[in-house]
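What's in input10.cif: mmCIF, C-alpha atoms
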```cif
data_structure
loop_
_atom_site.label_atom_id
_atom_site.label_comp_id
_atom_site.auth_asym_id
_atom_site.auth_seq_id
_atom_site.Cartn_x
_atom_site.Cartn_y
_atom_site.Cartn_z
CA MET E 17 -15.47 -22.01 -17.68
CA ALA E 18 -16.51 -24.01 -20.70
CA GLN E 19 -19.99 -25.42 -21.25
CA ASN E 20 -21.49 -28.25 -23.24
CA VAL E 21 -24.33 -27.11 -25.52
CA THR E 22 -26.66 -28.71 -28.05
CA ILE E 23 -27.72 -26.83 -31.17
CA ASN E 24 -29.97 -28.49 -33.76
CA GLU E 25 -29.46 -31.82 -32.00
CA ILE E 26 -25.66 -31.57 -32.34
CA GLN E 27 -23.70 -31.50 -29.08
CA TYR E 28 -20.70 -29.19 -28.70
CA ASN E 29 -18.50 -29.83 -25.66
CA GLY E 30 -16.26 -27.47 -23.74
CA LEU E 31 -17.31 -24.17 -25.35
CA PRO E 32 -15.96 -21.06 -23.56
CA PHE E 33 -18.00 -18.79 -25.89
CA MET E 34 -20.44 -18.82 -28.77
CA SER E 35 -20.87 -16.43 -31.66
CA ALA E 36 -23.74 -16.14 -34.11
CA PRO E 37 -24.39 -13.76 -37.01
CA LYS E 38 -26.51 -10.72 -36.16
CA THR E 39 -29.81 -10.48 -38.03
CA ASN E 40 -28.81 -7.12 -39.53
CA GLY E 41 -25.70 -8.68 -41.07
CA GLN E 42 -23.44 -6.33 -39.09
CA GLY E 43 -20.97 -8.84 -37.65
CA ASP E 44 -21.45 -11.47 -34.97
CA ALA E 45 -22.97 -11.48 -31.52
CA VAL E 46 -20.54 -13.14 -29.08
CA PHE E 47 -21.62 -14.74 -25.82
CA TRP E 48 -18.98 -15.69 -23.25
CA ASP E 49 -19.58 -18.15 -20.44
CA ILE E 50 -19.16 -16.16 -17.21
CA SER E 51 -20.74 -18.69 -14.86
CA ASP E 52 -17.54 -18.85 -12.78
CA SER E 53 -17.28 -15.07 -12.33
CA THR E 54 -16.59 -13.98 -8.75
CA ILE E 55 -17.79 -10.41 -9.30
CA ASP E 56 -20.75 -9.80 -7.03
CA ASN E 57 -20.50 -6.06 -6.35
CA ALA E 58 -19.16 -2.92 -8.02
CA GLY E 59 -16.56 -2.42 -5.27
CA LYS E 60 -14.53 -5.34 -6.65
CA LEU E 61 -13.83 -3.45 -9.87
CA ARG E 62 -11.66 -0.40 -10.43
CA ASN E 63 -13.68 2.80 -10.74
CA GLY E 64 -15.39 2.94 -14.16
CA VAL E 65 -14.47 -0.61 -15.25
CA ILE E 66 -17.41 -2.76 -16.37
CA GLY E 67 -17.73 -6.42 -15.43
CA TYR E 68 -20.40 -9.07 -15.15
CA GLY E 69 -21.40 -11.40 -12.36
CA ALA E 70 -22.03 -15.12 -12.84
CA ASP E 71 -25.76 -14.40 -13.13
CA GLY E 72 -25.14 -11.83 -15.90
CA THR E 73 -25.59 -8.77 -13.68
CA LYS E 74 -23.65 -5.83 -15.07
CA TYR E 75 -21.43 -3.93 -12.59
CA THR E 76 -19.67 -0.62 -13.13
CA GLY E 77 -16.68 -0.42 -10.83
CA SER E 78 -16.71 1.87 -7.83
CA MET E 79 -13.53 0.80 -6.02
CA THR E 80 -11.89 3.61 -4.07
CA GLU E 81 -8.64 4.76 -5.65
CA LYS E 82 -5.68 6.06 -3.66
CA THR E 83 -3.36 8.39 -5.50
CA ALA E 84 0.37 8.56 -4.83
CA ALA E 85 1.23 9.37 -1.23
CA SER E 86 4.24 9.50 1.10
CA TYR E 87 4.26 8.38 4.71
CA ASN E 88 6.74 9.75 7.23
CA PRO E 89 7.71 7.73 10.28
CA ALA E 90 5.44 8.65 13.19
CA SER E 91 4.81 7.68 16.78
CA SER E 92 1.56 5.94 15.82
CA ASP E 93 0.62 3.42 13.14
CA GLN E 94 -0.40 4.64 9.69
CA THR E 95 -2.72 2.39 7.70
CA ILE E 96 -3.35 2.05 3.97
CA ASN E 97 -6.90 0.71 3.97
CA ALA E 98 -7.83 -2.53 2.23
CA ASN E 99 -10.10 -2.84 -0.81
CA GLN E 100 -8.79 0.11 -2.73
CA PHE E 101 -6.84 0.47 -5.94
CA LEU E 102 -3.39 2.01 -5.46
CA ALA E 103 -3.35 4.38 -8.43
CA GLY E 104 0.08 5.77 -7.56
CA ALA E 105 3.23 4.86 -5.67
CA GLN E 106 2.86 4.61 -1.90
CA THR E 107 6.22 5.67 -0.42
CA ILE E 108 7.17 4.80 3.13
CA LYS E 109 9.93 7.24 4.08
CA GLY E 110 13.10 5.80 5.57
CA VAL E 111 14.19 6.36 9.13
CA THR E 112 17.48 8.26 9.44
CA THR E 113 19.66 9.87 12.11
CA THR E 114 20.04 13.09 10.10
CA ASN E 115 18.52 15.25 12.84
CA LEU E 116 20.21 13.47 15.75
CA ASN E 117 23.35 15.35 16.77
CA ALA E 118 25.71 13.34 19.00
CA SER E 119 26.92 16.54 20.71
CA TYR E 120 23.39 17.05 22.16
CA ILE E 121 23.11 13.52 23.56
CA ALA E 122 24.73 12.61 26.89
CA ASN E 123 28.10 10.91 26.54
CA GLY E 124 27.80 7.15 26.20
CA ILE E 125 24.02 7.15 25.65
CA THR E 126 22.95 5.52 22.39
CA VAL E 127 19.76 6.55 20.62
CA LYS E 128 18.50 3.85 18.26
CA VAL E 129 15.96 4.47 15.49
CA GLY E 130 13.85 2.22 13.29
CA CYS E 131 13.96 -0.73 15.69
CA SER E 132 11.60 -3.67 15.80
CA ALA E 133 13.90 -5.33 18.34
CA ASP E 134 16.93 -4.06 20.26
CA ASP E 135 19.41 -5.57 17.80
CA ASP E 136 17.39 -4.85 14.63
CA CYS E 137 17.81 -1.08 14.23
CA VAL E 138 18.12 0.98 11.07
CA ALA E 139 20.59 3.41 12.62
CA SER E 140 21.91 4.70 15.92
CA VAL E 141 23.84 7.68 17.33
CA THR E 142 25.96 7.56 20.48
CA GLY E 143 26.16 10.78 22.44
CA THR E 144 29.38 12.72 23.01
CA LEU E 145 28.06 15.46 25.32
CA LYS E 146 30.30 15.61 28.40
CA SER E 147 29.17 16.73 31.81
CA PRO E 148 30.12 20.38 32.29
CA VAL E 149 32.83 21.37 34.73
CA ILE E 150 31.76 24.29 36.91
CA VAL E 151 34.39 26.24 38.84
CA GLN E 152 33.77 29.24 41.08
CA ASP E 153 36.46 31.91 41.05
CA PRO E 154 37.52 32.44 44.69
CA THR E 155 38.22 36.14 44.11
CA THR E 156 35.28 37.30 41.99
CA HIS E 157 32.97 34.51 43.06
CA GLY E 158 31.92 34.23 39.37
CA LEU E 159 31.15 30.85 37.82
CA HIS E 160 33.15 29.43 34.94
CA ILE E 161 31.54 26.61 32.94
CA SER E 162 33.70 24.54 30.64
#
```

As structure tokens:
Amino acid sequence: MAQNVTINEIQYNGLPFMSAPKTNGQGDAVFWDISDSTIDNAGKLRNGVIGYGADGTKYTGSMTEKTAASYNPASSDQTINANQFLAGAQTIKGVTTTNLNASYIANGITVKVGCSADDDCVASVTGTLKSPVIVQDPTTHGLHIS
């Protein structure tokens, strides 16, 4: 935000900063207008970063940082909390049918995965397991399962 200032009765309009020579001759002192800063607590800044509020208050960042992580599909929600800096990739693992074997699922039954609605599924497997045929041998009375 720029400001209008008067120095030695001369008005300067729209100044975003001002610089003046230091009394020791070692360069200039620079003053930036930060009156529109929205920083009002250290949690708004990444850990270790320095910033200033509109009133000139100095803040050293303390925002929580989350390193890289992977999330596997689960039966309950997993949350990445708000107000933290994601310091690494957050990977949401894909849903697959790799471990679903059609021969272990009843014939004609379809198992759908990754669905938010019945027709919006990532993948599905339809079972091929047939009902067993059980025959008792009339002579030995033994059971034969096929």

Target residues per the PyMOL selection byres ((chain E and resi 100) around 10), formatted as a PyMOL selection string: chain E and resi 59-63+78-82+96-99+101-103

Counting only C-alpha atoms, what are the residues of range 53-133 of chain E within 8 Å of range 138-151 of chain E, and for each of them which pair of atoms is the nearest and at what distance in Å, to one decimal? Sort the table by chain and rising number, as CSV.
```
residue,atom,partner,partner_atom,distance
E:Val111,CA,E:Val138,CA,6.9
E:Thr112,CA,E:Ala139,CA,6.6
E:Thr113,CA,E:Ala139,CA,6.5
E:Leu116,CA,E:Val141,CA,7.0
E:Asn117,CA,E:Val141,CA,7.7
E:Ala118,CA,E:Gly143,CA,4.3
E:Ser119,CA,E:Leu145,CA,4.9
E:Tyr120,CA,E:Leu145,CA,5.9
E:Ile121,CA,E:Gly143,CA,4.3
E:Ala122,CA,E:Leu145,CA,4.7
E:Asn123,CA,E:Thr144,CA,4.2
E:Gly124,CA,E:Gly143,CA,5.5
E:Ile125,CA,E:Gly143,CA,5.3
E:Thr126,CA,E:Thr142,CA,4.1
E:Val127,CA,E:Val141,CA,5.4
E:Lys128,CA,E:Ser140,CA,4.2
E:Val129,CA,E:Ala139,CA,5.5
E:Gly130,CA,E:Val138,CA,5.0
E:Cys131,CA,E:Val138,CA,6.4
```

Can you give me, as a PyMOL selection string, the residues this file yields under the PyMOL selection byres ((chain E and resi 18-24) around 10)? chain E and resi 17+25-34+48-52

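We find CA of Ala85 in chain E and CA of Asn57 in chain E to be spaced 27.1 Å apart.
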
Please expand the PyMOL selection byres ((chain E and resi 55) around 8) into the concrete residues it hits in this file, giving the result as a ChimeraX atom specification. /E:53-54,56-58,60,67-70

For Ala84 in chain E: contacts at 6 Å, all atoms listed in the file, fewer than 6 positions along chain excluded, given as a PyMOL selection string: chain E and resi 104-106

With all atoms listed in the file as the basis for distance, which of E:Gly110, E:Asp136, E:His160, E:Asn40 is at the shortest distance from Ala90 in chain E? E:Gly110

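Reported to one decimal place, the separation of CA of Lys109 in chain E from CA of Asp93 in chain E is 13.5 Å.
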
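When CA of Ser35 in chain E is paired with CA of Gly64 in chain E, their separation reads 26.7 Å.
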
As an mmCIF file, in the coordinates of the input, could you write out range 67-87 of chain E once it has been completed with N, CA and C atoms?
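Generated output (part-v4.cif):
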```
data_model
loop_
_atom_site.group_PDB
_atom_site.id
_atom_site.type_symbol
_atom_site.label_atom_id
_atom_site.label_comp_id
_atom_site.auth_asym_id
_atom_site.auth_seq_id
_atom_site.Cartn_x
_atom_site.Cartn_y
_atom_site.Cartn_z
ATOM 1 N N GLY E 67 -17.870 -4.972 -15.524
ATOM 2 C CA GLY E 67 -17.730 -6.420 -15.430
ATOM 3 C C GLY E 67 -19.091 -7.046 -15.201
ATOM 4 N N TYR E 68 -19.130 -8.361 -15.264
ATOM 5 C CA TYR E 68 -20.400 -9.070 -15.150
ATOM 6 C C TYR E 68 -20.284 -10.176 -14.112
ATOM 7 N N GLY E 69 -21.338 -10.326 -13.324
ATOM 8 C CA GLY E 69 -21.400 -11.400 -12.360
ATOM 9 C C GLY E 69 -21.796 -12.701 -13.032
ATOM 10 N N ALA E 70 -21.701 -13.799 -12.290
ATOM 11 C CA ALA E 70 -22.030 -15.120 -12.840
ATOM 12 C C ALA E 70 -23.469 -15.198 -13.307
ATOM 13 N N ASP E 71 -24.349 -14.380 -12.724
ATOM 14 C CA ASP E 71 -25.760 -14.400 -13.130
ATOM 15 C C ASP E 71 -26.038 -13.403 -14.265
ATOM 16 N N GLY E 72 -24.984 -12.774 -14.794
ATOM 17 C CA GLY E 72 -25.140 -11.830 -15.900
ATOM 18 C C GLY E 72 -25.355 -10.392 -15.475
ATOM 19 N N THR E 73 -25.418 -10.142 -14.164
ATOM 20 C CA THR E 73 -25.590 -8.770 -13.680
ATOM 21 C C THR E 73 -24.400 -7.919 -14.085
ATOM 22 N N LYS E 74 -24.695 -6.751 -14.643
ATOM 23 C CA LYS E 74 -23.650 -5.830 -15.070
ATOM 24 C C LYS E 74 -23.256 -4.934 -13.897
ATOM 25 N N TYR E 75 -21.945 -4.786 -13.661
ATOM 26 C CA TYR E 75 -21.430 -3.930 -12.590
ATOM 27 C C TYR E 75 -20.466 -2.913 -13.199
ATOM 28 N N THR E 76 -20.631 -1.666 -12.777
ATOM 29 C CA THR E 76 -19.670 -0.620 -13.130
ATOM 30 C C THR E 76 -18.858 -0.333 -11.880
ATOM 31 N N GLY E 77 -17.562 -0.509 -11.980
ATOM 32 C CA GLY E 77 -16.680 -0.420 -10.830
ATOM 33 C C GLY E 77 -16.783 0.869 -10.039
ATOM 34 N N SER E 78 -16.661 0.718 -8.728
ATOM 35 C CA SER E 78 -16.710 1.870 -7.830
ATOM 36 C C SER E 78 -15.620 1.786 -6.761
ATOM 37 N N MET E 79 -14.588 0.974 -7.006
ATOM 38 C CA MET E 79 -13.530 0.800 -6.020
ATOM 39 C C MET E 79 -12.846 2.140 -5.734
ATOM 40 N N THR E 80 -12.605 2.410 -4.469
ATOM 41 C CA THR E 80 -11.890 3.610 -4.070
ATOM 42 C C THR E 80 -10.480 3.555 -4.643
ATOM 43 N N GLU E 81 -10.002 4.693 -5.125
ATOM 44 C CA GLU E 81 -8.640 4.760 -5.650
ATOM 45 C C GLU E 81 -7.811 5.677 -4.764
ATOM 46 N N LYS E 82 -6.604 5.258 -4.476
ATOM 47 C CA LYS E 82 -5.680 6.060 -3.660
ATOM 48 C C LYS E 82 -4.549 6.516 -4.551
ATOM 49 N N THR E 83 -4.430 7.828 -4.684
ATOM 50 C CA THR E 83 -3.360 8.390 -5.500
ATOM 51 C C THR E 83 -2.033 8.264 -4.757
ATOM 52 N N ALA E 84 -0.964 8.642 -5.424
ATOM 53 C CA ALA E 84 0.370 8.560 -4.830
ATOM 54 C C ALA E 84 0.408 9.305 -3.498
ATOM 55 N N ALA E 85 1.106 8.744 -2.539
ATOM 56 C CA ALA E 85 1.230 9.370 -1.230
ATOM 57 C C ALA E 85 2.556 8.961 -0.590
ATOM 58 N N SER E 86 3.035 9.800 0.324
ATOM 59 C CA SER E 86 4.240 9.500 1.100
ATOM 60 C C SER E 86 3.871 9.444 2.569
ATOM 61 N N TYR E 87 4.516 8.567 3.285
ATOM 62 C CA TYR E 87 4.260 8.380 4.710
ATOM 63 C C TYR E 87 5.564 8.576 5.469
#
```
